[in-house]
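Shown next: protein07.cif, containing mmCIF, C-alpha atoms.
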```
data_data
#
loop_
_atom_site.group_PDB
_atom_site.id
_atom_site.type_symbol
_atom_site.label_atom_id
_atom_site.label_comp_id
_atom_site.auth_asym_id
_atom_site.auth_seq_id
_atom_site.Cartn_x
_atom_site.Cartn_y
_atom_site.Cartn_z
ATOM 1 C CA MET A 25 0.000 0.000 0.000
ATOM 2 C CA PRO A 26 1.413 3.440 -0.889
ATOM 3 C CA LEU A 27 2.570 5.560 2.013
ATOM 4 C CA ASP A 28 -0.098 8.226 1.449
ATOM 5 C CA LEU A 29 -2.874 5.609 1.626
ATOM 6 C CA GLN A 30 -1.345 4.151 4.778
ATOM 7 C CA LEU A 31 -1.337 7.559 6.428
ATOM 8 C CA LEU A 32 -4.906 8.241 5.286
ATOM 9 C CA ARG A 33 -6.066 4.885 6.639
ATOM 10 C CA LEU A 34 -4.408 5.600 9.985
ATOM 11 C CA LEU A 35 -6.007 9.050 10.095
ATOM 12 C CA LEU A 36 -9.487 7.714 9.346
ATOM 13 C CA ALA A 37 -8.999 4.879 11.832
ATOM 14 C CA PHE A 38 -8.036 7.416 14.507
ATOM 15 C CA CYS A 39 -11.027 9.626 13.670
ATOM 16 C CA SER A 40 -13.484 6.728 13.733
ATOM 17 C CA GLY A 41 -12.061 5.506 17.034
ATOM 18 C CA TRP A 42 -12.145 9.005 18.505
ATOM 19 C CA LEU A 43 -15.751 9.535 17.475
ATOM 20 C CA VAL A 44 -17.147 6.168 18.572
ATOM 21 C CA VAL A 45 -15.410 6.051 21.965
ATOM 22 C CA ALA A 46 -16.328 9.661 22.750
ATOM 23 C CA VAL A 47 -19.956 8.974 21.827
ATOM 24 C CA VAL A 48 -20.169 5.623 23.641
ATOM 25 C CA THR A 49 -18.724 6.867 26.912
ATOM 26 C CA THR A 50 -20.744 10.086 26.917
ATOM 27 C CA VAL A 51 -23.951 8.187 26.116
ATOM 28 C CA ALA A 52 -23.145 5.760 28.935
ATOM 29 C CA ASP A 53 -22.901 8.674 31.351
ATOM 30 C CA THR A 54 -26.155 10.186 30.123
ATOM 31 C CA PHE A 55 -28.425 7.260 29.232
ATOM 32 C CA GLY A 56 -26.870 4.210 30.904
ATOM 33 C CA THR A 57 -25.165 1.179 29.403
ATOM 34 C CA GLY A 58 -28.126 0.121 27.246
ATOM 35 C CA ARG A 59 -27.960 3.039 24.819
ATOM 36 C CA ALA A 60 -24.158 3.106 25.048
ATOM 37 C CA GLY A 61 -24.086 -0.521 23.958
ATOM 38 C CA PHE A 62 -26.155 0.442 20.937
ATOM 39 C CA ALA A 63 -23.768 3.256 19.994
ATOM 40 C CA GLY A 64 -20.685 1.067 20.343
ATOM 41 C CA GLY A 65 -22.134 -2.210 19.093
ATOM 42 C CA LEU A 66 -22.858 -1.041 15.553
ATOM 43 C CA PRO A 67 -20.303 -1.874 12.827
ATOM 44 C CA SER A 68 -17.624 0.835 12.822
ATOM 45 C CA THR A 69 -13.914 0.053 12.520
ATOM 46 C CA GLY A 70 -14.512 -3.259 10.733
ATOM 47 C CA PRO A 71 -16.124 -1.635 7.681
ATOM 48 C CA VAL A 72 -13.304 0.952 7.611
ATOM 49 C CA SER A 73 -10.776 -1.891 7.419
ATOM 50 C CA LEU A 74 -12.713 -3.624 4.622
ATOM 51 C CA LEU A 75 -12.973 -0.322 2.756
ATOM 52 C CA PHE A 76 -9.223 0.208 2.805
ATOM 53 C CA ILE A 77 -8.486 -3.395 1.847
ATOM 54 C CA GLY A 78 -10.701 -2.957 -1.201
ATOM 55 C CA TRP A 79 -9.393 0.526 -1.967
ATOM 56 C CA SER A 80 -5.692 -0.264 -1.687
ATOM 57 C CA GLN A 81 -5.783 -3.803 -3.142
ATOM 58 C CA SER A 82 -8.926 -4.895 -4.991
ATOM 59 C CA THR A 83 -12.599 -5.716 -4.557
ATOM 60 C CA ALA A 84 -11.662 -9.399 -4.671
ATOM 61 C CA ALA A 85 -9.314 -8.875 -1.730
ATOM 62 C CA ALA A 86 -12.101 -7.179 0.234
ATOM 63 C CA VAL A 87 -14.435 -10.094 -0.543
ATOM 64 C CA GLN A 88 -11.776 -12.510 0.711
ATOM 65 C CA ALA A 89 -11.325 -10.425 3.862
ATOM 66 C CA ALA A 90 -15.085 -10.466 4.426
ATOM 67 C CA VAL A 91 -14.920 -14.269 4.675
ATOM 68 C CA GLY A 92 -13.016 -13.970 7.949
ATOM 69 C CA PHE A 93 -15.051 -11.043 9.263
ATOM 70 C CA PRO A 94 -17.833 -13.025 11.043
ATOM 71 C CA LEU A 95 -15.378 -15.540 12.500
ATOM 72 C CA GLY A 96 -13.190 -12.707 13.722
ATOM 73 C CA PHE A 97 -16.115 -11.307 15.674
ATOM 74 C CA SER A 98 -16.760 -14.741 17.164
ATOM 75 C CA VAL A 99 -13.367 -14.390 18.815
ATOM 76 C CA THR A 100 -14.207 -10.824 19.835
ATOM 77 C CA PHE A 101 -17.443 -11.986 21.483
ATOM 78 C CA ALA A 102 -15.341 -14.465 23.470
ATOM 79 C CA PHE A 103 -13.179 -11.518 24.543
ATOM 80 C CA LEU A 104 -16.226 -9.745 25.997
ATOM 81 C CA LEU A 105 -17.277 -12.919 27.801
ATOM 82 C CA CYS A 106 -13.849 -13.332 29.400
ATOM 83 C CA TYR A 107 -13.930 -9.696 30.525
ATOM 84 C CA ALA A 108 -17.452 -9.566 31.925
ATOM 85 C CA LEU A 109 -18.075 -13.058 33.319
ATOM 86 C CA PRO A 110 -15.753 -13.099 36.382
ATOM 87 C CA ARG A 111 -17.621 -11.793 39.428
ATOM 88 C CA ARG A 112 -14.451 -10.590 41.137
ATOM 89 C CA GLY A 113 -11.319 -8.813 40.053
ATOM 90 C CA GLY A 114 -10.288 -5.374 38.886
ATOM 91 C CA PHE A 115 -10.082 -3.973 35.395
ATOM 92 C CA GLY A 116 -6.391 -4.752 34.823
ATOM 93 C CA GLY A 117 -6.575 -8.462 35.602
ATOM 94 C CA ARG A 118 -9.749 -9.216 33.673
ATOM 95 C CA MET A 119 -8.690 -7.144 30.653
ATOM 96 C CA THR A 120 -5.261 -8.817 30.524
ATOM 97 C CA VAL A 121 -6.830 -12.267 30.507
ATOM 98 C CA ALA A 122 -9.490 -11.284 27.963
ATOM 99 C CA LEU A 123 -7.013 -9.695 25.535
ATOM 100 C CA SER A 124 -4.577 -12.610 25.876
ATOM 101 C CA ILE A 125 -7.288 -15.134 25.029
ATOM 102 C CA TRP A 126 -8.490 -12.952 22.161
ATOM 103 C CA PHE A 127 -4.989 -12.643 20.695
ATOM 104 C CA VAL A 128 -4.311 -16.390 20.855
ATOM 105 C CA LEU A 129 -7.652 -17.316 19.270
ATOM 106 C CA ALA A 130 -7.407 -14.597 16.606
ATOM 107 C CA ALA A 131 -3.877 -15.694 15.695
ATOM 108 C CA ILE A 132 -5.001 -19.314 15.382
ATOM 109 C CA VAL A 133 -7.881 -18.339 13.106
ATOM 110 C CA ALA A 134 -5.705 -16.023 11.011
ATOM 111 C CA LEU A 135 -2.891 -18.534 10.563
ATOM 112 C CA SER A 136 -5.232 -21.440 9.833
ATOM 113 C CA GLY A 137 -6.222 -20.031 6.443
ATOM 114 C CA PHE A 138 -9.875 -20.723 7.227
ATOM 115 C CA ASP A 139 -12.029 -19.674 4.264
ATOM 116 C CA ASP A 140 -15.458 -21.337 4.700
ATOM 117 C CA PHE A 141 -17.832 -18.387 4.809
ATOM 118 C CA ALA A 142 -20.988 -20.342 5.706
ATOM 119 C CA LEU A 143 -19.242 -22.004 8.635
ATOM 120 C CA SER A 144 -17.775 -18.643 9.657
ATOM 121 C CA VAL A 145 -21.274 -17.110 9.871
ATOM 122 C CA GLY A 146 -22.662 -20.163 11.684
ATOM 123 C CA ILE A 147 -19.921 -20.109 14.309
ATOM 124 C CA SER A 148 -20.382 -16.370 14.778
ATOM 125 C CA VAL A 149 -24.134 -16.734 15.397
ATOM 126 C CA LEU A 150 -23.687 -19.621 17.844
ATOM 127 C CA MET A 151 -20.890 -17.838 19.689
ATOM 128 C CA ALA A 152 -22.913 -14.631 20.035
ATOM 129 C CA LEU A 153 -25.960 -16.501 21.338
ATOM 130 C CA GLY A 154 -23.865 -18.544 23.756
ATOM 131 C CA VAL A 155 -21.974 -15.554 25.121
ATOM 132 C CA TYR A 156 -25.135 -13.492 25.578
ATOM 133 C CA ALA A 157 -26.872 -16.395 27.344
ATOM 134 C CA ALA A 158 -23.882 -16.839 29.648
ATOM 135 C CA LEU A 159 -23.891 -13.154 30.591
ATOM 136 C CA ARG A 160 -27.641 -13.229 31.249
ATOM 137 C CA MET A 161 -27.214 -16.262 33.504
ATOM 138 C CA ALA A 162 -24.451 -14.404 35.321
ATOM 139 C CA GLY A 163 -27.052 -11.833 36.363
ATOM 140 C CA ILE A 164 -25.393 -8.827 34.717
ATOM 141 C CA LYS A 165 -27.989 -6.084 34.312
ATOM 142 C CA GLU A 166 -28.004 -2.813 32.401
ATOM 143 C CA ALA A 167 -26.631 -0.032 34.569
ATOM 144 C CA PRO A 168 -28.452 3.314 34.745
ATOM 145 C CA HIS A 169 -26.766 6.640 34.118
ATOM 146 C CA ALA A 170 -24.168 7.793 36.600
ATOM 147 C CA PRO A 171 -23.846 11.286 38.095
ATOM 148 C CA THR A 172 -21.191 12.948 35.974
ATOM 149 C CA ARG A 173 -19.866 16.459 35.473
ATOM 150 C CA PHE A 174 -19.469 16.928 31.735
ATOM 151 C CA ASN A 175 -16.749 19.016 30.168
ATOM 152 C CA PHE A 176 -15.176 19.287 26.751
ATOM 153 C CA ARG A 177 -11.717 18.250 27.924
ATOM 154 C CA GLN A 178 -13.089 14.976 29.286
ATOM 155 C CA VAL A 179 -14.752 14.107 25.976
ATOM 156 C CA VAL A 180 -11.594 14.965 24.008
ATOM 157 C CA TRP A 181 -9.411 12.824 26.295
ATOM 158 C CA ARG A 182 -11.725 9.835 26.035
ATOM 159 C CA GLY A 183 -11.954 10.080 22.260
ATOM 160 C CA THR A 184 -8.214 10.529 21.825
ATOM 161 C CA LEU A 185 -7.537 7.400 23.860
ATOM 162 C CA GLY A 186 -9.909 5.393 21.685
ATOM 163 C CA GLY A 187 -8.508 6.842 18.471
ATOM 164 C CA CYS A 188 -4.940 5.964 19.432
ATOM 165 C CA VAL A 189 -5.886 2.380 20.254
ATOM 166 C CA VAL A 190 -7.747 1.886 16.968
ATOM 167 C CA ALA A 191 -4.989 3.508 14.885
ATOM 168 C CA GLY A 192 -2.406 1.332 16.640
ATOM 169 C CA VAL A 193 -4.306 -1.818 15.750
ATOM 170 C CA VAL A 194 -4.621 -0.721 12.118
ATOM 171 C CA LEU A 195 -0.887 0.026 11.998
ATOM 172 C CA LEU A 196 -0.094 -3.493 13.233
ATOM 173 C CA SER A 197 -2.372 -5.080 10.604
ATOM 174 C CA LEU A 198 -1.188 -3.100 7.542
ATOM 175 C CA SER A 199 1.292 -5.785 6.481
ATOM 176 C CA ALA A 200 -1.180 -8.686 6.840
ATOM 177 C CA GLY A 201 -2.870 -10.378 3.902
ATOM 178 C CA PRO A 202 -6.566 -9.799 3.179
ATOM 179 C CA LEU A 203 -7.838 -12.903 5.006
ATOM 180 C CA VAL A 204 -5.767 -12.076 8.085
ATOM 181 C CA GLY A 205 -6.906 -8.475 7.737
ATOM 182 C CA GLY A 206 -10.524 -9.611 7.778
ATOM 183 C CA VAL A 207 -10.019 -11.489 11.034
ATOM 184 C CA PHE A 208 -8.206 -8.589 12.660
ATOM 185 C CA ALA A 209 -10.813 -6.138 11.350
ATOM 186 C CA ALA A 210 -12.795 -7.480 14.309
ATOM 187 C CA THR A 211 -10.154 -6.285 16.773
ATOM 188 C CA PRO A 212 -11.957 -5.094 19.945
ATOM 189 C CA ALA A 213 -10.166 -1.738 19.946
ATOM 190 C CA ILE A 214 -13.333 0.359 20.311
ATOM 191 C CA TRP A 215 -14.741 -1.913 22.992
ATOM 192 C CA THR A 216 -11.458 -2.107 24.905
ATOM 193 C CA SER A 217 -11.171 1.679 25.016
ATOM 194 C CA SER A 218 -14.823 2.124 26.016
ATOM 195 C CA LEU A 219 -14.571 -0.471 28.796
ATOM 196 C CA TYR A 220 -11.410 1.174 30.120
ATOM 197 C CA VAL A 221 -12.915 4.655 30.192
ATOM 198 C CA THR A 222 -16.211 3.577 31.795
ATOM 199 C CA SER A 223 -14.386 1.413 34.328
ATOM 200 C CA ARG A 224 -12.247 4.367 35.388
ATOM 201 C CA ALA A 225 -15.226 6.694 35.559
ATOM 202 C CA HIS A 226 -17.870 4.462 37.147
ATOM 203 C CA GLY A 227 -16.303 1.175 38.244
ATOM 204 C CA VAL A 228 -15.877 -2.349 36.917
ATOM 205 C CA GLU A 229 -19.529 -3.360 37.408
ATOM 206 C CA PHE A 230 -20.629 -0.526 35.139
ATOM 207 C CA SER A 231 -18.209 -1.677 32.429
ATOM 208 C CA ARG A 232 -19.382 -5.304 32.795
ATOM 209 C CA SER A 233 -22.903 -4.135 32.051
ATOM 210 C CA LEU A 234 -21.628 -2.247 29.013
ATOM 211 C CA ALA A 235 -19.942 -5.429 27.737
ATOM 212 C CA LYS A 236 -23.269 -7.248 27.876
ATOM 213 C CA SER A 237 -24.924 -4.473 25.846
ATOM 214 C CA PHE A 238 -22.135 -4.651 23.255
ATOM 215 C CA ILE A 239 -22.839 -8.358 22.826
ATOM 216 C CA MET A 240 -26.573 -7.927 22.284
ATOM 217 C CA VAL A 241 -26.227 -5.118 19.744
ATOM 218 C CA GLY A 242 -23.302 -6.793 17.990
ATOM 219 C CA MET A 243 -25.274 -10.024 17.709
ATOM 220 C CA LEU A 244 -28.143 -8.170 16.019
ATOM 221 C CA THR A 245 -26.118 -5.882 13.732
ATOM 222 C CA ILE A 246 -22.483 -6.941 13.255
ATOM 223 C CA VAL A 247 -23.220 -10.575 12.419
ATOM 224 C CA PRO A 248 -25.857 -9.661 9.763
ATOM 225 C CA PHE A 249 -23.524 -6.950 8.433
ATOM 226 C CA GLY A 250 -20.736 -9.494 7.967
ATOM 227 C CA PHE A 251 -23.125 -11.762 6.072
ATOM 228 C CA ALA A 252 -24.529 -9.016 3.841
ATOM 229 C CA VAL A 253 -21.294 -7.205 3.035
ATOM 230 C CA ARG A 254 -19.613 -10.277 1.581
ATOM 231 C CA TYR A 255 -22.224 -10.682 -1.171
ATOM 232 C CA LEU A 256 -22.861 -6.992 -1.722
ATOM 233 C CA LEU A 257 -19.149 -6.359 -2.271
ATOM 234 C CA MET A 258 -19.148 -8.852 -5.133
ATOM 235 C CA ASP A 259 -22.153 -7.274 -6.876
ATOM 236 C CA PHE A 260 -21.728 -3.547 -6.158
ATOM 237 C CA GLY A 261 -18.050 -2.965 -5.386
ATOM 238 C CA VAL A 262 -16.441 -1.715 -2.195
ATOM 239 C CA TRP A 263 -18.050 1.680 -1.643
ATOM 240 C CA TRP A 264 -21.636 0.821 -2.586
ATOM 241 C CA GLY A 265 -21.342 -2.670 -1.107
ATOM 242 C CA ILE A 266 -20.475 -1.356 2.359
ATOM 243 C CA LEU A 267 -23.111 1.387 2.169
ATOM 244 C CA LEU A 268 -25.834 -1.060 1.111
ATOM 245 C CA ALA A 269 -24.773 -3.458 3.868
ATOM 246 C CA TYR A 270 -25.565 -0.713 6.391
ATOM 247 C CA VAL A 271 -28.953 -0.223 4.717
ATOM 248 C CA ALA A 272 -29.584 -3.973 4.836
ATOM 249 C CA ILE A 273 -29.061 -4.172 8.601
ATOM 250 C CA SER A 274 -31.171 -1.100 9.405
ATOM 251 C CA PRO A 275 -34.183 -3.212 10.541
ATOM 252 C CA MET A 276 -31.924 -5.114 12.942
ATOM 253 C CA ALA A 277 -30.429 -1.840 14.149
ATOM 254 C CA TRP A 278 -33.943 -0.560 14.846
ATOM 255 C CA LEU A 279 -34.677 -3.750 16.813
ATOM 256 C CA ALA A 280 -31.462 -3.304 18.802
ATOM 257 C CA TRP A 281 -32.483 0.288 19.563
ATOM 258 C CA ARG A 282 -35.864 -0.892 20.842
ATOM 259 C CA LEU A 283 -34.266 -3.548 23.037
ATOM 260 C CA THR A 284 -31.696 -1.273 24.669
ATOM 261 C CA PRO A 285 -33.172 0.636 27.610
ATOM 262 C CA SER A 286 -32.670 4.356 28.040
ATOM 263 C CA ARG A 287 -32.332 5.848 31.511
ATOM 264 C CA ARG A 288 -31.593 9.462 30.929
ATOM 265 C CA ALA A 289 -29.665 11.696 33.299
ATOM 266 C CA SER A 290 -29.995 15.429 33.574
ATOM 267 C CA MET A 291 -26.818 16.943 32.167
ATOM 268 C CA VAL A 292 -26.010 19.838 34.423
ATOM 269 C CA MET A 293 -22.736 21.415 35.320
ATOM 270 C CA SER A 294 -22.246 21.615 39.042
ATOM 271 C CA GLU A 295 -20.527 24.475 40.767
ATOM 272 C CA PRO A 296 -17.349 23.695 42.681
ATOM 273 C CA GLY A 297 -18.167 22.246 46.049
ATOM 274 C CA ARG A 298 -21.812 21.511 45.180
ATOM 275 C CA ALA A 299 -23.356 18.245 44.095
ATOM 276 C CA SER A 300 -25.105 18.066 40.729
ATOM 277 C CA PRO A 301 -28.851 17.492 40.957
ATOM 278 C CA ILE A 302 -29.837 14.225 39.315
ATOM 279 C CA SER A 303 -33.214 13.658 37.758
ATOM 280 C CA ASN A 304 -35.550 10.676 37.877
ATOM 281 C CA GLY A 305 -35.319 10.440 41.636
ATOM 282 C CA ALA A 306 -31.764 9.120 41.685
ATOM 283 C CA SER A 307 -29.921 9.720 44.897
ATOM 284 C CA GLN A 308 -26.892 11.983 44.892
ATOM 285 C CA THR A 309 -23.566 10.436 45.670
#
```

Whole structure given in structure tokens:
Amino acid sequence: MPLDLQLLRLLLAFCSGWLVVAVVTTVADTFGTGRAGFAGGLPSTGPVSLLFIGWSQSTAAAVQAAVGFPLGFSVTFAFLLCYALPRRGGFGGRMTVALSIWFVLAAIVALSGFDDFALSVGISVLMALGVYAALRMAGIKEAPHAPTRFNFRQVVWRGTLGGCVVAGVVLLSLSAGPLVGGVFAATPAIWTSSLYVTSRAHGVEFSRSLAKSFIMVGMLTIVPFGFAVRYLLMDFGVWWGILLAYVAISPMAWLAWRLTPSRRASMVMSEPGRASPISNGASQT
């Protein structure tokens, strides 16, 4: 890939990561983890990776990468399970274990040369259903909004962290082939950054709830997107194929929106030394 395209891909990856993480974490503060899961569970960095594979190589390469896209998210769903399932432990320990397991499984899938698209979709669906069922059985519930003082600097810091993580992942995957790129297009960079920020701001239990919401929305939107984009890329090319894939999953996105609860907070700036009043009868802490 020419150097100018590499730099452009890194820039767009940073911008997409900045935007999604800033939105997810701010929505979590304002509406709770249900709506935040919707914002972060929609396809975002994966389509950007497929776009650049098709742009810099060929449509055929993007189609090949799309074969590994659903299976890559199967591994990413396992990452969320490993993070959220343990009842005890801080952020550092559970994230280290989750990322280690994700990396090992993703490397195995990437190096195996797996190219059965139907089986890839089937495994992705079963994994998503199994992980979501396990998190429901664990008793993880959607967390309501948390009292938060909003400021522009906070939003910029959160977004910058997410953008750096996503751009770093893209940089590491630039030299990979299209099939490997498709697997690593499912890298949980957005989710890792969002879980880190919400854990720091509101605690591990809040971030566990967010992980569950990511699973539900991803199951309803990312898996169908991976199925649709593979065939649409072949018929309509990279740009129109990805756009039409988003259109194709819009009914599932609407369903995910309906299933994610909203518990809105009043966004007020508190004066120094005074607590911010919180609406809906929530107690001040």

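Among the candidates A:Val247, A:Leu219, A:Val48, A:Ile147, the residue lying nearest to A:Ser231 is A:Leu219 (atoms considered: only C-alpha atoms).
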
I'd like to know which of A:Trp126, A:Trp264, A:Phe38, A:Phe249 is closest to A:Cys106, using only C-alpha atoms.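 Between A:Trp126, A:Trp264, A:Phe38, A:Phe249, the residue approaching A:Cys106 most closely is A:Trp126.
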
Give me the result of the PyMOL selection byres ((chain A and resi 121) around 12) on this file, residue by residue, as a PyMOL selection string. chain A and resi 102-110+113-120+122-128

Limited to C-alpha atoms, could you put the picked residues into a file as a PDB file, in the coordinates of the input?
```pdb
ATOM      1  CA  ALA A 102     -15.341 -14.465  23.470  1.00  0.00           C
ATOM      2  CA  PHE A 103     -13.179 -11.518  24.543  1.00  0.00           C
ATOM      3  CA  LEU A 104     -16.226  -9.745  25.997  1.00  0.00           C
ATOM      4  CA  LEU A 105     -17.277 -12.919  27.801  1.00  0.00           C
ATOM      5  CA  CYS A 106     -13.849 -13.332  29.400  1.00  0.00           C
ATOM      6  CA  TYR A 107     -13.930  -9.696  30.525  1.00  0.00           C
ATOM      7  CA  ALA A 108     -17.452  -9.566  31.925  1.00  0.00           C
ATOM      8  CA  LEU A 109     -18.075 -13.058  33.319  1.00  0.00           C
ATOM      9  CA  PRO A 110     -15.753 -13.099  36.382  1.00  0.00           C
ATOM     10  CA  GLY A 113     -11.319  -8.813  40.053  1.00  0.00           C
ATOM     11  CA  GLY A 114     -10.288  -5.374  38.886  1.00  0.00           C
ATOM     12  CA  PHE A 115     -10.082  -3.973  35.395  1.00  0.00           C
ATOM     13  CA  GLY A 116      -6.391  -4.752  34.823  1.00  0.00           C
ATOM     14  CA  GLY A 117      -6.575  -8.462  35.602  1.00  0.00           C
ATOM     15  CA  ARG A 118      -9.749  -9.216  33.673  1.00  0.00           C
ATOM     16  CA  MET A 119      -8.690  -7.144  30.653  1.00  0.00           C
ATOM     17  CA  THR A 120      -5.261  -8.817  30.524  1.00  0.00           C
ATOM     18  CA  ALA A 122      -9.490 -11.284  27.963  1.00  0.00           C
ATOM     19  CA  LEU A 123      -7.013  -9.695  25.535  1.00  0.00           C
ATOM     20  CA  SER A 124      -4.577 -12.610  25.876  1.00  0.00           C
ATOM     21  CA  ILE A 125      -7.288 -15.134  25.029  1.00  0.00           C
ATOM     22  CA  TRP A 126      -8.490 -12.952  22.161  1.00  0.00           C
ATOM     23  CA  PHE A 127      -4.989 -12.643  20.695  1.00  0.00           C
ATOM     24  CA  VAL A 128      -4.311 -16.390  20.855  1.00  0.00           C
TER      25      VAL A 128
END
```

Expand the PyMOL selection byres ((chain A and resi 90) around 8) into the individual residues it matches in the shown file, reporting them as a PDB file with C-alpha atoms, in the frame of the given file.
```pdb
ATOM      1  CA  LEU A  74     -12.713  -3.624   4.622  1.00  0.00           C
ATOM      2  CA  ALA A  86     -12.101  -7.179   0.234  1.00  0.00           C
ATOM      3  CA  VAL A  87     -14.435 -10.094  -0.543  1.00  0.00           C
ATOM      4  CA  GLN A  88     -11.776 -12.510   0.711  1.00  0.00           C
ATOM      5  CA  ALA A  89     -11.325 -10.425   3.862  1.00  0.00           C
ATOM      6  CA  VAL A  91     -14.920 -14.269   4.675  1.00  0.00           C
ATOM      7  CA  GLY A  92     -13.016 -13.970   7.949  1.00  0.00           C
ATOM      8  CA  PHE A  93     -15.051 -11.043   9.263  1.00  0.00           C
ATOM      9  CA  PRO A  94     -17.833 -13.025  11.043  1.00  0.00           C
ATOM     10  CA  LEU A 203      -7.838 -12.903   5.006  1.00  0.00           C
ATOM     11  CA  GLY A 206     -10.524  -9.611   7.778  1.00  0.00           C
ATOM     12  CA  GLY A 250     -20.736  -9.494   7.967  1.00  0.00           C
ATOM     13  CA  VAL A 253     -21.294  -7.205   3.035  1.00  0.00           C
ATOM     14  CA  ARG A 254     -19.613 -10.277   1.581  1.00  0.00           C
TER      15      ARG A 254
END
```

All residues 8 Å or closer to A:Gly187, all atoms listed in the file, same chain fewer than 5 positions away omitted, as an mmCIF file with C-alpha atoms, in the coordinates of the input:
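So the final result, stored in result18.cif, reads:
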```
data_model
loop_
_atom_site.group_PDB
_atom_site.id
_atom_site.type_symbol
_atom_site.label_atom_id
_atom_site.label_comp_id
_atom_site.auth_asym_id
_atom_site.auth_seq_id
_atom_site.Cartn_x
_atom_site.Cartn_y
_atom_site.Cartn_z
ATOM 1 C CA ALA A 37 -8.999 4.879 11.832
ATOM 2 C CA PHE A 38 -8.036 7.416 14.507
ATOM 3 C CA CYS A 39 -11.027 9.626 13.670
ATOM 4 C CA SER A 40 -13.484 6.728 13.733
ATOM 5 C CA GLY A 41 -12.061 5.506 17.034
ATOM 6 C CA TRP A 42 -12.145 9.005 18.505
ATOM 7 C CA LEU A 43 -15.751 9.535 17.475
ATOM 8 C CA VAL A 45 -15.410 6.051 21.965
#
```

By how many Å are atom CA of A:Phe251 and atom CA of A:Ile266 apart?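 For atom CA of A:Phe251 relative to atom CA of A:Ile266, the distance reads 11.4 Å.
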
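Using only C-alpha atoms, the smallest distance between any of A:Leu234, A:Leu36, A:Ile246, A:Leu150 and A:Thr49 comes from A:Leu234.
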